[in-house]
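Here's run08.cif, which has mmCIF, C-alpha atoms and all ligand atoms:
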data_structure
loop_
_atom_site.group_PDB
_atom_site.id
_atom_site.type_symbol
_atom_site.label_atom_id
_atom_site.label_comp_id
_atom_site.auth_asym_id
_atom_site.auth_seq_id
_atom_site.Cartn_x
_atom_site.Cartn_y
_atom_site.Cartn_z
ATOM 1 C CA MET A 11 74.169 40.646 -204.566
ATOM 2 C CA THR A 12 70.450 39.983 -204.400
ATOM 3 C CA SER A 13 68.848 41.703 -201.435
ATOM 4 C CA TYR A 14 65.647 40.500 -199.830
ATOM 5 C CA LYS A 15 63.277 42.768 -197.989
ATOM 6 C CA ARG A 16 60.294 41.836 -195.890
ATOM 7 C CA GLU A 17 57.302 43.831 -196.885
ATOM 8 C CA VAL A 18 54.719 44.572 -194.237
ATOM 9 C CA THR A 19 51.158 44.455 -195.515
ATOM 10 C CA THR A 20 48.384 46.134 -193.589
ATOM 11 C CA VAL A 21 45.436 43.783 -193.329
ATOM 12 C CA PRO A 22 42.577 45.596 -195.118
ATOM 13 C CA LEU A 23 39.891 44.955 -192.521
ATOM 14 C CA GLY A 24 40.651 45.279 -188.830
ATOM 15 C CA GLU A 25 39.251 43.044 -186.116
ATOM 16 C CA LYS A 26 37.153 43.593 -183.065
ATOM 17 C CA VAL A 27 38.559 42.524 -179.695
ATOM 18 C CA ALA A 28 36.353 42.701 -176.595
ATOM 19 C CA ILE A 29 37.477 42.656 -172.964
ATOM 20 C CA MET A 30 34.986 41.151 -170.545
ATOM 21 C CA GLY A 31 34.916 40.079 -166.934
ATOM 22 C CA GLN A 32 33.668 40.947 -163.469
ATOM 23 C CA PHE A 33 33.748 44.532 -162.227
ATOM 24 C CA TYR A 34 37.073 45.516 -160.618
ATOM 25 C CA SER A 35 39.012 42.748 -162.427
ATOM 26 C CA GLY A 36 41.151 45.358 -164.191
ATOM 27 C CA LYS A 37 39.655 45.513 -167.696
ATOM 28 C CA THR A 38 39.976 49.265 -168.102
ATOM 29 C CA CYS A 39 43.556 49.265 -166.805
ATOM 30 C CA LEU A 40 44.374 46.414 -169.182
ATOM 31 C CA ASN A 41 42.776 48.305 -172.052
ATOM 32 C CA GLN A 42 44.802 51.432 -171.282
ATOM 33 C CA ARG A 43 47.975 49.376 -170.980
ATOM 34 C CA ILE A 44 47.277 47.845 -174.415
ATOM 35 C CA ILE A 45 46.344 51.072 -176.176
ATOM 36 C CA ARG A 46 48.585 53.636 -174.508
ATOM 37 C CA GLY A 47 51.193 51.460 -172.818
ATOM 38 C CA VAL A 48 50.655 53.285 -169.523
ATOM 39 C CA ASP A 49 49.953 52.357 -165.900
ATOM 40 C CA TRP A 50 46.317 53.358 -165.384
ATOM 41 C CA CYS A 51 46.190 51.719 -161.952
ATOM 42 C CA ASP A 52 47.570 54.740 -160.119
ATOM 43 C CA ARG A 53 44.225 56.482 -160.626
ATOM 44 C CA ALA A 54 41.199 56.141 -158.399
ATOM 45 C CA TYR A 55 38.891 53.291 -159.479
ATOM 46 C CA GLU A 56 36.058 54.415 -161.683
ATOM 47 C CA ALA A 57 33.589 51.781 -162.842
ATOM 48 C CA THR A 58 33.138 51.790 -166.592
ATOM 49 C CA ILE A 59 29.673 52.883 -167.594
ATOM 50 C CA GLY A 60 28.591 51.308 -170.859
ATOM 51 C CA THR A 61 31.757 50.747 -172.909
ATOM 52 C CA ALA A 62 34.969 52.405 -174.031
ATOM 53 C CA TYR A 63 36.687 51.999 -177.395
ATOM 54 C CA GLY A 64 40.281 52.317 -178.537
ATOM 55 C CA THR A 65 42.468 51.053 -181.363
ATOM 56 C CA LYS A 66 45.800 49.318 -181.495
ATOM 57 C CA PHE A 67 47.938 48.365 -184.491
ATOM 58 C CA MET A 68 49.878 45.131 -184.071
ATOM 59 C CA GLU A 69 52.621 43.965 -186.411
ATOM 60 C CA VAL A 70 53.213 40.228 -186.664
ATOM 61 C CA GLY A 71 55.514 38.769 -189.324
ATOM 62 C CA ASP A 72 54.676 40.325 -192.658
ATOM 63 C CA PHE A 73 51.342 41.726 -191.556
ATOM 64 C CA LYS A 74 50.014 44.663 -189.627
ATOM 65 C CA ILE A 75 46.500 44.426 -188.215
ATOM 66 C CA LYS A 76 44.261 47.058 -186.674
ATOM 67 C CA LEU A 77 42.500 45.897 -183.534
ATOM 68 C CA GLY A 78 39.449 47.787 -182.337
ATOM 69 C CA ILE A 79 39.354 47.165 -178.608
ATOM 70 C CA TRP A 80 36.105 47.345 -176.647
ATOM 71 C CA ASP A 81 36.374 47.674 -172.887
ATOM 72 C CA THR A 82 33.024 46.564 -171.483
ATOM 73 C CA ALA A 83 31.471 47.283 -168.099
ATOM 74 C CA GLY A 84 31.713 44.442 -165.575
ATOM 75 C CA SER A 85 28.812 45.575 -163.448
ATOM 76 C CA GLU A 86 25.707 43.377 -163.779
ATOM 77 C CA ARG A 87 23.662 46.521 -164.440
ATOM 78 C CA PHE A 88 25.306 46.924 -167.821
ATOM 79 C CA LEU A 89 25.288 43.326 -169.030
ATOM 80 C CA ALA A 90 22.613 43.906 -171.634
ATOM 81 C CA ILE A 91 24.636 46.771 -173.144
ATOM 82 C CA SER A 92 27.930 44.890 -172.973
ATOM 83 C CA ARG A 93 26.491 42.038 -175.007
ATOM 84 C CA ASN A 94 26.033 44.347 -178.011
ATOM 85 C CA TYR A 95 29.727 45.141 -177.886
ATOM 86 C CA TYR A 96 31.273 41.718 -177.530
ATOM 87 C CA ARG A 97 28.991 40.136 -180.150
ATOM 88 C CA ASN A 98 30.805 39.068 -183.338
ATOM 89 C CA SER A 99 34.239 39.874 -181.946
ATOM 90 C CA GLY A 100 37.242 38.278 -183.628
ATOM 91 C CA ALA A 101 38.698 37.694 -180.172
ATOM 92 C CA ILE A 102 37.398 38.024 -176.627
ATOM 93 C CA ILE A 103 39.597 38.479 -173.558
ATOM 94 C CA VAL A 104 37.832 37.138 -170.468
ATOM 95 C CA CYS A 105 39.486 38.794 -167.546
ATOM 96 C CA TYR A 106 39.610 37.934 -163.840
ATOM 97 C CA ASP A 107 41.575 39.121 -160.844
ATOM 98 C CA ILE A 108 44.088 36.462 -159.669
ATOM 99 C CA THR A 109 43.429 37.500 -156.070
ATOM 100 C CA SER A 110 39.672 36.951 -156.332
ATOM 101 C CA LEU A 111 38.108 33.508 -156.663
ATOM 102 C CA GLU A 112 34.739 35.170 -157.167
ATOM 103 C CA SER A 113 36.011 36.985 -160.251
ATOM 104 C CA TYR A 114 37.450 33.715 -161.606
ATOM 105 C CA ASN A 115 34.106 31.943 -161.114
ATOM 106 C CA LYS A 116 32.441 34.778 -162.967
ATOM 107 C CA ALA A 117 34.986 34.445 -165.791
ATOM 108 C CA VAL A 118 34.261 30.696 -166.010
ATOM 109 C CA GLU A 119 30.539 31.468 -166.215
ATOM 110 C CA TRP A 120 31.160 33.979 -169.019
ATOM 111 C CA TRP A 121 33.485 31.621 -170.813
ATOM 112 C CA LYS A 122 30.866 28.846 -170.945
ATOM 113 C CA LYS A 123 28.274 31.299 -172.216
ATOM 114 C CA LEU A 124 30.650 32.551 -174.904
ATOM 115 C CA LEU A 125 31.442 29.008 -176.054
ATOM 116 C CA GLU A 126 27.734 28.611 -176.749
ATOM 117 C CA GLU A 127 26.922 32.019 -178.131
ATOM 118 C CA GLU A 128 30.073 33.278 -179.861
ATOM 119 C CA LYS A 129 31.333 30.185 -181.630
ATOM 120 C CA ASP A 130 33.424 32.155 -184.151
ATOM 121 C CA SER A 131 35.301 34.228 -181.559
ATOM 122 C CA LEU A 132 38.739 33.202 -180.326
ATOM 123 C CA LEU A 133 38.796 33.122 -176.520
ATOM 124 C CA TYR A 134 41.611 34.206 -174.191
ATOM 125 C CA LEU A 135 41.371 33.709 -170.444
ATOM 126 C CA CYS A 136 43.379 36.368 -168.671
ATOM 127 C CA GLY A 137 44.314 36.292 -164.981
ATOM 128 C CA ASN A 138 45.116 39.944 -164.259
ATOM 129 C CA LYS A 139 46.868 41.745 -161.327
ATOM 130 C CA LYS A 140 49.808 39.360 -161.390
ATOM 131 C CA ASP A 141 51.957 41.963 -159.627
ATOM 132 C CA LEU A 142 49.853 41.359 -156.497
ATOM 133 C CA VAL A 143 50.990 37.737 -156.206
ATOM 134 C CA LEU A 144 54.674 37.959 -157.118
ATOM 135 C CA GLY A 145 57.229 37.426 -154.389
ATOM 136 C CA PRO A 146 57.537 35.170 -151.313
ATOM 137 C CA GLU A 147 55.083 37.174 -149.170
ATOM 138 C CA LEU A 148 52.647 38.159 -151.878
ATOM 139 C CA LYS A 149 52.205 34.667 -153.287
ATOM 140 C CA TYR A 150 49.660 33.985 -150.509
ATOM 141 C CA ASN A 151 47.368 36.557 -152.128
ATOM 142 C CA ARG A 152 46.790 34.184 -155.028
ATOM 143 C CA ARG A 153 43.300 32.675 -155.084
ATOM 144 C CA VAL A 154 43.360 31.091 -158.546
ATOM 145 C CA ASP A 155 45.833 28.369 -159.409
ATOM 146 C CA PHE A 156 47.801 28.980 -162.621
ATOM 147 C CA HIS A 157 47.563 25.354 -163.833
ATOM 148 C CA ASP A 158 43.842 24.958 -163.090
ATOM 149 C CA ALA A 159 42.995 28.110 -165.017
ATOM 150 C CA ARG A 160 45.238 27.181 -167.940
ATOM 151 C CA GLU A 161 43.767 23.692 -168.130
ATOM 152 C CA PHE A 162 40.256 25.088 -168.065
ATOM 153 C CA ALA A 163 40.950 27.498 -170.942
ATOM 154 C CA GLU A 164 42.923 25.079 -173.091
ATOM 155 C CA ASP A 165 40.474 22.193 -172.629
ATOM 156 C CA SER A 166 37.875 24.224 -174.460
ATOM 157 C CA GLY A 167 40.186 25.404 -177.235
ATOM 158 C CA GLY A 168 41.071 28.761 -175.718
ATOM 159 C CA LYS A 169 44.372 30.244 -174.567
ATOM 160 C CA PHE A 170 45.525 31.355 -171.159
ATOM 161 C CA PHE A 171 47.643 34.274 -169.960
ATOM 162 C CA GLU A 172 48.489 35.955 -166.695
ATOM 163 C CA THR A 173 49.056 39.685 -166.896
ATOM 164 C CA SER A 174 49.607 42.787 -164.841
ATOM 165 C CA SER A 175 48.058 45.968 -166.197
ATOM 166 C CA LYS A 176 50.120 47.766 -163.587
ATOM 167 C CA THR A 177 53.586 46.605 -164.660
ATOM 168 C CA GLY A 178 52.648 45.518 -168.181
ATOM 169 C CA GLU A 179 53.881 41.974 -167.604
ATOM 170 C CA GLY A 180 52.370 39.521 -170.081
ATOM 171 C CA VAL A 181 50.360 42.153 -171.957
ATOM 172 C CA VAL A 182 52.498 42.274 -175.120
ATOM 173 C CA GLU A 183 52.542 38.457 -175.162
ATOM 174 C CA LEU A 184 48.750 38.348 -174.897
ATOM 175 C CA MET A 185 48.206 40.903 -177.663
ATOM 176 C CA THR A 186 50.836 39.393 -179.957
ATOM 177 C CA GLU A 187 49.157 36.005 -179.646
ATOM 178 C CA ILE A 188 45.761 37.509 -180.409
ATOM 179 C CA ALA A 189 47.092 39.379 -183.463
ATOM 180 C CA LYS A 190 48.917 36.268 -184.687
ATOM 181 C CA ASP A 191 45.837 34.079 -184.284
ATOM 182 C CA LEU A 192 43.570 36.600 -186.030
ATOM 183 C CA ILE A 193 45.986 36.922 -188.944
ATOM 184 C CA GLU A 194 46.225 33.129 -189.236
ATOM 185 C CA LYS A 195 42.444 32.901 -189.186
ATOM 186 C CA LYS A 196 42.204 35.483 -191.975
ATOM 187 C CA LYS A 197 44.739 33.531 -194.008
ATOM 188 C CA ARG A 198 42.762 30.318 -193.536
ATOM 189 C CA LEU A 199 39.602 32.081 -194.649
ATOM 190 C CA GLY A 200 41.455 33.391 -197.707
ATOM 191 C CA GLU A 201 40.958 37.017 -196.630
ATOM 192 C CA ILE A 202 44.695 37.754 -196.900
ATOM 193 C CA GLU A 203 47.577 36.323 -198.894
ATOM 194 C CA PRO A 204 50.130 34.073 -197.210
ATOM 195 C CA ASP A 205 53.475 35.570 -196.120
ATOM 196 C CA ARG A 206 55.693 36.555 -198.984
ATOM 197 C CA LEU A 207 59.307 37.488 -199.524
ATOM 198 C CA VAL A 208 59.765 40.228 -202.047
ATOM 199 C CA LEU A 209 62.873 40.502 -204.119
ATOM 200 C CA GLU A 210 64.080 44.018 -203.544
ATOM 201 C CA HIS A 211 65.546 44.419 -207.018
ATOM 202 C CA GLU A 212 62.249 43.332 -208.579
ATOM 203 C CA ARG A 213 60.434 45.935 -206.515
ATOM 204 C CA MET A 214 62.847 48.575 -207.749
ATOM 205 C CA LYS A 215 62.399 47.506 -211.360
ATOM 206 C CA MET A 216 58.648 47.794 -210.982
ATOM 207 C CA LYS A 217 58.921 51.177 -209.340
ATOM 208 C CA LYS A 218 61.065 52.413 -212.235
ATOM 209 C CA ALA A 219 58.521 51.089 -214.704
ATOM 210 C CA ASN A 220 55.948 53.082 -212.747
ATOM 211 C CA CYS A 221 53.916 50.004 -212.015
ATOM 212 C CA SER A 222 51.748 51.792 -209.506
ATOM 213 C CA ASN A 223 49.510 48.922 -208.478
ATOM 214 C CA CYS A 224 52.129 46.159 -208.342
ATOM 215 C CA LEU A 225 53.382 44.743 -205.059
ATOM 216 C CA ARG A 226 51.787 47.335 -202.846
HETATM 217 N N1 LIG B 1 47.858 45.990 -158.545
HETATM 218 C C1 LIG B 1 47.068 46.007 -159.622
HETATM 219 N N2 LIG B 1 45.909 46.669 -159.602
HETATM 220 C C2 LIG B 1 45.142 46.665 -160.702
HETATM 221 C C3 LIG B 1 45.540 45.994 -161.899
HETATM 222 N N3 LIG B 1 44.583 46.194 -162.830
HETATM 223 C C4 LIG B 1 43.647 46.952 -162.239
HETATM 224 N N4 LIG B 1 43.966 47.241 -160.967
HETATM 225 C C5 LIG B 1 43.179 48.011 -159.989
HETATM 226 O O1 LIG B 1 41.920 47.347 -159.846
HETATM 227 C C6 LIG B 1 40.860 48.293 -159.768
HETATM 228 C C7 LIG B 1 39.843 48.046 -160.869
HETATM 229 O O2 LIG B 1 40.442 48.294 -162.129
HETATM 230 P P1 LIG B 1 39.595 48.636 -163.429
HETATM 231 O O3 LIG B 1 40.497 48.478 -164.589
HETATM 232 O O4 LIG B 1 38.901 49.923 -163.295
HETATM 233 O O5 LIG B 1 38.509 47.455 -163.371
HETATM 234 P P2 LIG B 1 37.365 47.106 -164.408
HETATM 235 O O6 LIG B 1 37.390 45.646 -164.620
HETATM 236 O O7 LIG B 1 37.471 47.954 -165.615
HETATM 237 O O8 LIG B 1 36.060 47.485 -163.585
HETATM 238 P P3 LIG B 1 34.588 47.857 -164.181
HETATM 239 O O9 LIG B 1 34.756 48.989 -165.147
HETATM 240 O O10 LIG B 1 33.784 48.250 -162.996
HETATM 241 O O11 LIG B 1 34.050 46.626 -164.848
HETATM 242 C C8 LIG B 1 41.502 49.672 -159.852
HETATM 243 O O12 LIG B 1 41.667 50.178 -158.536
HETATM 244 C C9 LIG B 1 42.859 49.425 -160.480
HETATM 245 O O13 LIG B 1 43.828 50.335 -160.052
HETATM 246 C C10 LIG B 1 46.786 45.288 -161.883
HETATM 247 O O14 LIG B 1 47.227 44.661 -162.876
HETATM 248 N N5 LIG B 1 47.515 45.338 -160.730
HETATM 249 MG MG MG B 2 36.279 49.369 -166.409
#

Before anything else, please render the file you have as structure tokens.
Amino acid sequence: MTSYKREVTTVPLGEKVAIMGQFYSGKTCLNQRIIRGVDWCDRAYEATIGTAYGTKFMEVGDFKIKLGIWDTAGSERFLAISRNYYRNSGAIIVCYDITSLESYNKAVEWWKKLLEEEKDSLLYLCGNKKDLVLGPELKYNRRVDFHDAREFAEDSGGKFFETSSKTGEGVVELMTEIAKDLIEKKKRLGEIEPDRLVLEHERMKMKKANCSNCLR
């Protein structure tokens, strides 16, 4: 019987993903949730000074991609520095706190600026701290309507997610979408081959023939 095996190819060049947004919107906790899969919210708040960097490998379909994730500082004092880090990103996550209208307005401001300045970056609007608005009592904490935010992001070609860095809700979905979109973009640009199914027995034949640079 012929057996088929999916071969996972690591995309040769990784991609830069930046997280931006107002101070206290939860960027660092989101970053830690993405990279380490942990709840970073049980620590005392410490404003990010400058930037922090981490990496995450994401596997989507037949491809594995390395994402270099830049957590920028939300404080106005560091805006000039942050700009150097989000520039030329493959994807940018613009974060706000669902319980703060001010942080949403700031995200909208950023978003419009990014549409002008970072035309090649894929944009993801992310309403964070979802755990604070779940449940019959807590729902009154919500200051940003889900549908309004989604419409705003999608109207300008971006995507919208709500997440909780605390519980992890929505974070895998957000990152999977980003990885998928970046891989698709690379395919469109001809930087990687389209998905392929490899015949297992052909792979074995090539291995036996010591074809070292075939089907790697
Ligand atoms: N309940 C809850 N709290 C959160 C969540 N994400 C972050 N926080 C809390 O919000 C505060 C700010 O989080 P940070 O991740 O440090 O915020 P930041 O956006 O990195 O802030 P700056 O570095 O100053 O720009 C901290 O007290 C976190 O514990 C979340 O998803 N749920
Ligand atoms: Mg931070």

Item to complete: May I have the residues within 8 Å of A:Asp107 as an MDAnalysis selection string, using only C-alpha atoms and disregarding those fewer than 2 positions away in the same chain?
Response: chainID A and resid 34:36 105 109:111 113:114 137:139

Worksheet item: So what does the PyMOL selection byres (((chain A and resi 84-96) around 12) and not hetatm) actually pick up in this one, as a VMD selection string?
Response: chain A and resid 25 to 38 56 to 63 78 to 83 97 to 106 113 116 to 117 120 123 to 124 127 to 128 130 to 133

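With distances taken over all atoms listed in the file, A:Ala54 is the one residue among A:Ala54, A:His157, A:Lys76, A:Ser174 lying closest to ligand MG 2 (chain B).
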
Worksheet item: Expressed in Å to a single decimal, how great is the separation between atom CA of A:Asp141 and atom CA of A:Val70?
Response: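 About the pair atom CA of A:Asp141 and atom CA of A:Val70: they are 27.1 Å apart.
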
Worksheet item: Quick one: residues within 12 Å of A:Val48, all atoms listed in the file counted, chain neighbours fewer than 2 positions away excluded, as an MDAnalysis selection string?
Response: chainID A and resid 38:46 50:53 174:179 181

Worksheet item: Which of these residues is nearest to ligand LIG 1 (chain B), using only C-alpha atoms and all ligand atoms: A:Ala163, A:Leu199, A:Ala189, A:Ile108?
Response: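 Closest to ligand LIG 1 (chain B) of all the choices is A:Ile108.
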
Practice prompt. Kindly indicate which residue among A:Cys136, A:Ala159, A:Ile193, A:Val154 lies nearest to A:Val21, using only C-alpha atoms for the distances.
Written response: A:Ile193

Item to complete: Name the closest residue to ligand LIG 1 (chain B) among the candidates A:Leu142, A:Leu125, A:Leu23, A:Leu77; distances are taken between atoms, counting all atoms listed in the file.
Response: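 Ranked by minimum distance to ligand LIG 1 (chain B), first place goes to A:Leu142.
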
Worksheet entry | Length of the atom CA of A:Glu187 to atom CA of A:Tyr134 vector [Å] |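 Atom CA of A:Tyr134 lies 9.5 Å from atom CA of A:Glu187.
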
Extending 8 Å beyond the listed atoms of stretch 122-140 of chain A on each side, what axis-aligned box results? I want centre and edge lengths in Å to one decimal, as AutoDock Vina command-line options.
--center_x 38.4 --center_y 35.2 --center_z -172.7 --size_x 38.9 --size_y 29.1 --size_z 38.8

Worksheet entry | From A:Leu148, A:Thr186, A:Tyr55, A:Phe162, residue lying nearest ligand MG 2 (chain B) [all atoms listed in the file] | A:Tyr55

Fill in: Top pick for closest residue to ligand LIG 1 (chain B), considering A:Asp165, A:Glu119, A:Glu172, A:Asp72 and counting only C-alpha atoms and all ligand atoms
A:Glu172

Worksheet item: atom CA of A:Asn151 and atom MG of ligand MG 2 (chain B), how far apart in Å?
Response: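 Going from atom MG of ligand MG 2 (chain B) over to atom CA of A:Asn151 covers 22.2 Å.
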